[in-house]
Amino acid sequence: MSINGISGADRVMAIRAQILERNEALQRANQVGGATATPSEGAGGGNSFGATLEAALKSVNQSQSAASKASEAYERGETVDVAQVMLARQKASLAFEATLQARNKLLSAYKDIMSMPV
């Protein structure tokens with residue numbers, strides 16, 4: 001189905017491109033801001049898993065907060081475009097769903113590892 005000449009696949013690809021751009025920007029910021037390695041970093045010198053997970057959860061929380069603020073502003077009657085409100089809510093919903101899927105995969109991997117014979 002096409003809305004305004006943009007198909008669903010094109011929108012997904014555009015969102016994917018935005019995610020990749022943000023990821024690259026975060027990696028550049030980490031390289032500039034953290035020139036020295038911290039003890040929690042792995043042998044490869046990259047970010048620790050915990051720090052990466054924390055940053056991802058903060059990003060999801062920020063998108064949910066932004067969607068909530070946009071919804072509240074719209075409900076108060078402030079001049080907020082309803083399309084922007086719905087877009088913010090959809091972004092927050094997608095981010096939350098992606099977080100749930102990642103959690104489910106991690107939990108499944110943990111269960112698999114714990115059930116392995118020693």
# chains A, B, ... in the order shown; residues from 1 in each chain; ligands from 1
$ select_by_dssp --residues "chain A" --states "alpha helix (DSSP H)" --output "MDAnalysis selection string"
chainID A and resid 8:33 49:75 82:114
$ residues_around --residues "Lys58 of chain A" --least-positions-apart "4" --cutoff "12 Å" --atoms "only C-alpha atoms" --output "PyMOL selection string"
chain A and resi 51-54+62-65+92+95-96+99
$ closest_residue --among "A:Val12, A:Gln18, A:Val85, A:Gln101" --to "Lys69 of chain A" --atoms "only C-alpha atoms"
A:Val85
$ closest_residue --among "A:Asn30, A:Ala25, A:Asn104, A:Tyr110" --to "Ser48 of chain A" --atoms "only C-alpha atoms"
A:Asn30
$ closest_residue --among "A:Leu87, A:Ala98, A:Ala109, A:Ala55" --to "Leu26 of chain A" --atoms "only C-alpha atoms"
A:Ala55
$ residues_around --residues "segment 70-79 of chain A" --least-positions-apart "6" --cutoff "9 Å" --atoms "only C-alpha atoms" --output "list in words"
Val85, Met86, Ala88 and Arg89 of chain A
$ atom_distance --atom1 "atom CA of Ser93 of chain A" --atom2 "atom CA of Leu106 of chain A"
19.9 Å
$ select_by_dssp --residues "chain A" --states "strand (DSSP E)" --output "VMD selection string"
chain A and resid 2 to 3 6 to 7
$ write_last_selection --atoms "C-alpha atoms" --output "CSV table (one decimal), in the first residue's frame"
chain,number,residue,atom,x,y,z
A,2,SER,CA,1.3,3.4,-0.9
A,3,ILE,CA,0.6,6.7,1.0
A,6,ILE,CA,5.9,6.2,-0.4
A,7,SER,CA,5.5,2.5,0.1
